[in-house]
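Colleague: Here it is, the structure, as C-alpha coordinates.
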Amino acid sequence: MEIIPSYNSIFITYDIFKYDYEEIKQKLQDSIDLTKTDKEDEKIVQIDVYYGTEVALDLESMAEKTSLNIEEIIEIHSNKLYDVYAIGFLPGFAYLASVDKKIAMPRLSSPRKVIPKGSVAIADTQTAVYPQNSPGGWNIIGRTTMELFDKKLDSLSPLSVGNKVKFNPISKEEFLKQGGVL
(Lines give C-alpha, C1' and ligand atoms only; values in the text may rest on other atoms or scores of the structure.)
Protein backbone atom coordinates (compact mmCIF):
# COMPACT_ATOMS: atom_id res chain seq x y z
CA MET A 1 0.00 0.00 0.00
CA GLU A 2 2.86 2.32 0.86
CA ILE A 3 6.67 2.19 0.89
CA ILE A 4 8.71 4.70 2.89
CA PRO A 5 12.50 4.34 2.67
CA SER A 6 14.87 5.94 5.16
CA TYR A 7 18.60 5.86 5.89
CA ASN A 8 18.86 2.23 6.91
CA SER A 9 15.34 0.87 6.92
CA ILE A 10 12.20 0.67 4.88
CA PHE A 11 8.63 0.95 6.16
CA ILE A 12 6.07 -1.01 4.17
CA THR A 13 2.34 -1.11 4.78
CA TYR A 14 0.36 -3.86 3.10
CA ASP A 15 -3.01 -5.53 3.19
CA ILE A 16 -2.63 -8.48 5.58
CA PHE A 17 -5.63 -10.15 4.00
CA LYS A 18 -3.94 -10.21 0.58
CA TYR A 19 -0.28 -10.76 1.47
CA ASP A 20 1.69 -12.79 3.92
CA TYR A 21 4.65 -11.22 5.82
CA GLU A 22 7.08 -13.84 4.50
CA GLU A 23 5.89 -13.22 0.93
CA ILE A 24 6.48 -9.46 1.26
CA LYS A 25 9.87 -10.04 2.90
CA GLN A 26 10.96 -12.39 0.09
CA LYS A 27 9.79 -9.97 -2.65
CA LEU A 28 11.76 -7.18 -1.00
CA GLN A 29 14.90 -9.30 -0.64
CA ASP A 30 14.59 -10.42 -4.28
CA SER A 31 14.37 -6.81 -5.46
CA ILE A 32 17.44 -5.61 -3.54
CA ASP A 33 20.82 -6.37 -5.03
CA LEU A 34 23.46 -5.26 -2.54
CA THR A 35 26.24 -6.38 -4.88
CA LYS A 36 25.14 -4.09 -7.73
CA THR A 37 28.06 -2.00 -8.91
CA ASP A 38 26.67 -0.71 -12.24
CA LYS A 39 26.89 3.10 -12.07
CA GLU A 40 24.98 3.66 -15.33
CA ASP A 41 21.64 3.80 -13.51
CA GLU A 42 22.98 6.30 -10.98
CA LYS A 43 21.49 9.76 -11.52
CA ILE A 44 23.69 12.72 -10.61
CA VAL A 45 21.77 15.95 -10.03
CA GLN A 46 23.83 19.13 -10.45
CA ILE A 47 22.84 22.04 -8.17
CA ASP A 48 24.34 25.50 -8.74
CA VAL A 49 25.00 27.31 -5.45
CA TYR A 50 25.91 30.90 -4.68
CA TYR A 51 27.98 30.77 -1.48
CA GLY A 52 28.07 34.56 -0.94
CA THR A 53 27.79 35.87 2.61
CA GLU A 54 24.64 37.84 1.67
CA VAL A 55 22.77 34.51 1.51
CA ALA A 56 25.12 32.23 3.49
CA LEU A 57 23.94 33.26 6.95
CA ASP A 58 26.29 30.93 8.85
CA LEU A 59 29.33 30.66 6.59
CA GLU A 60 31.42 33.20 8.52
CA SER A 61 30.63 31.62 11.90
CA MET A 62 31.44 28.18 10.46
CA ALA A 63 34.81 29.51 9.34
CA GLU A 64 35.51 30.68 12.88
CA LYS A 65 34.40 27.40 14.45
CA THR A 66 36.31 25.17 12.02
CA SER A 67 39.46 27.32 11.66
CA LEU A 68 38.99 27.04 7.89
CA ASN A 69 38.52 30.01 5.63
CA ILE A 70 35.31 30.49 3.67
CA GLU A 71 36.91 29.38 0.39
CA GLU A 72 38.08 26.12 2.01
CA ILE A 73 34.57 25.39 3.34
CA ILE A 74 33.08 26.02 -0.11
CA GLU A 75 35.70 23.80 -1.75
CA ILE A 76 35.15 20.97 0.74
CA HIS A 77 31.35 21.19 0.40
CA SER A 78 31.31 21.40 -3.40
CA ASN A 79 34.02 18.82 -4.19
CA LYS A 80 31.95 15.83 -3.18
CA LEU A 81 29.08 13.72 -4.45
CA TYR A 82 26.34 13.37 -1.85
CA ASP A 83 23.88 10.47 -1.61
CA VAL A 84 20.15 11.19 -1.27
CA TYR A 85 19.28 9.07 1.76
CA ALA A 86 15.74 10.23 2.47
CA ILE A 87 13.19 12.87 1.55
CA GLY A 88 11.09 14.33 4.32
CA PHE A 89 10.45 17.18 6.76
CA LEU A 90 9.07 19.15 3.77
CA PRO A 91 8.15 17.92 0.27
CA GLY A 92 11.39 18.00 -1.70
CA PHE A 93 13.66 18.30 1.36
CA ALA A 94 16.35 15.73 0.61
CA TYR A 95 18.70 14.57 3.35
CA LEU A 96 22.12 14.28 1.74
CA ALA A 97 25.17 12.63 3.26
CA SER A 98 27.87 12.55 4.20
CA VAL A 99 29.44 15.94 4.79
CA ASP A 100 33.20 15.93 5.35
CA LYS A 101 33.85 15.95 9.12
CA LYS A 102 35.95 19.12 8.69
CA ILE A 103 32.77 21.10 7.95
CA ALA A 104 30.21 19.10 9.94
CA MET A 105 28.27 21.43 12.24
CA PRO A 106 25.69 20.81 14.94
CA ARG A 107 22.22 22.26 14.42
CA LEU A 108 21.71 25.80 15.65
CA SER A 109 20.86 26.05 19.34
CA SER A 110 17.75 28.04 18.42
CA PRO A 111 16.05 27.43 15.07
CA ARG A 112 15.24 30.36 12.79
CA LYS A 113 11.58 31.17 12.19
CA VAL A 114 12.13 31.44 8.43
CA ILE A 115 14.82 29.93 6.25
CA PRO A 116 14.59 31.27 2.68
CA LYS A 117 13.66 28.88 -0.11
CA GLY A 118 16.75 27.49 -1.86
CA SER A 119 19.01 27.82 1.18
CA VAL A 120 21.78 25.22 1.18
CA ALA A 121 22.50 24.04 4.69
CA ILE A 122 24.55 21.72 6.90
CA ALA A 123 23.52 19.95 10.12
CA ASP A 124 25.83 17.39 11.65
CA THR A 125 27.14 15.28 8.75
CA GLN A 126 24.19 16.01 6.46
CA THR A 127 23.54 18.71 3.90
CA ALA A 128 20.28 19.77 2.28
CA VAL A 129 18.43 22.45 0.35
CA TYR A 130 15.30 24.03 1.83
CA PRO A 131 12.70 23.60 -0.95
CA GLN A 132 10.47 26.40 0.37
CA ASN A 133 10.47 29.09 3.05
CA SER A 134 10.19 27.33 6.38
CA PRO A 135 11.48 27.28 9.95
CA GLY A 136 14.77 25.48 10.42
CA GLY A 137 17.83 25.01 12.55
CA TRP A 138 20.50 24.08 10.02
CA ASN A 139 23.60 26.16 9.23
CA ILE A 140 23.01 28.12 6.00
CA ILE A 141 26.04 28.17 3.69
CA GLY A 142 24.58 29.26 0.34
CA ARG A 143 21.54 29.45 -1.91
CA THR A 144 20.34 27.91 -5.15
CA THR A 145 17.63 28.87 -7.62
CA MET A 146 16.87 25.23 -8.42
CA GLU A 147 13.27 24.20 -7.73
CA LEU A 148 13.29 21.17 -5.42
CA PHE A 149 9.53 21.00 -5.01
CA ASP A 150 7.47 21.01 -8.19
CA LYS A 151 3.79 20.01 -8.20
CA LYS A 152 4.05 19.30 -11.93
CA LEU A 153 6.46 16.41 -11.39
CA ASP A 154 5.05 12.96 -10.60
CA SER A 155 7.55 12.58 -7.77
CA LEU A 156 7.18 16.28 -6.70
CA SER A 157 10.98 16.67 -6.71
CA PRO A 158 13.87 16.25 -9.14
CA LEU A 159 15.62 14.30 -6.36
CA SER A 160 14.88 10.72 -5.37
CA VAL A 161 16.35 8.38 -2.79
CA GLY A 162 19.43 6.81 -4.36
CA ASN A 163 20.36 9.82 -6.51
CA LYS A 164 23.67 11.61 -6.13
CA VAL A 165 23.95 15.39 -5.77
CA LYS A 166 26.85 17.61 -6.83
CA PHE A 167 26.92 21.24 -5.67
CA ASN A 168 28.56 23.66 -8.12
CA PRO A 169 29.74 27.07 -6.90
CA ILE A 170 28.52 29.97 -9.04
CA SER A 171 29.20 33.70 -8.97
CA LYS A 172 26.83 36.34 -7.65
CA GLU A 173 26.26 37.49 -11.23
CA GLU A 174 25.29 33.96 -12.37
CA PHE A 175 23.03 33.53 -9.34
CA LEU A 176 21.18 36.75 -10.13
CA LYS A 177 21.02 35.85 -13.83
CA GLN A 178 19.35 32.54 -12.86
CA GLY A 179 16.70 34.51 -10.93
CA GLY A 180 18.32 34.42 -7.52
CA VAL A 181 17.28 36.90 -4.86
CA LEU A 182 19.64 38.38 -2.26
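Identifiers for the C-alpha coordinates are assigned positionally: chains receive A, B, ... in sequence, residues are indexed from 1 per chain, and ligands are indexed from 1 in the order shown.
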As a VMD selection string, please: every residue in stretch 96-126 of chain A that a backbone DSSP assignment puts in strand (DSSP E or B).
Modeller: chain A and resid 96 to 97 105 112 to 115 119 to 124 126
Colleague: Report as a PyMOL selection string all protein, DNA and RNA residues lying within 12 Å of stretch 19-28 of chain A, evaluated on only C-alpha atoms, omitting residues in the same chain fewer than 5 positions from it.
Modeller: chain A and resi 1+3+9-14+33-34
Colleague: Enumerate as a PyMOL selection string all residues of stretch 4-124 of chain A assigned to alpha helix (DSSP H) by DSSP on the backbone, naming them with the chain letters and numbers the document uses.
Modeller: chain A and resi 21-31+59-66+70-78
Colleague: Env of stretch 56-61 of chain A: 10 Å cut, atoms = only C-alpha atoms, seq-sep filter 5 positions within chain, self excluded. Answer as a list in words.
Modeller: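 Listed by chain and then number, they are Tyr50, Tyr51, Thr66, Ser67, Leu68, Asn69, Ile70, Glu71, Ile73, Ile74, Leu108, Ile115, Ser119, Val120, Ala121, Ile122, Trp138, Asn139, Ile140, Ile141, Gly142 and Arg143 of chain A.
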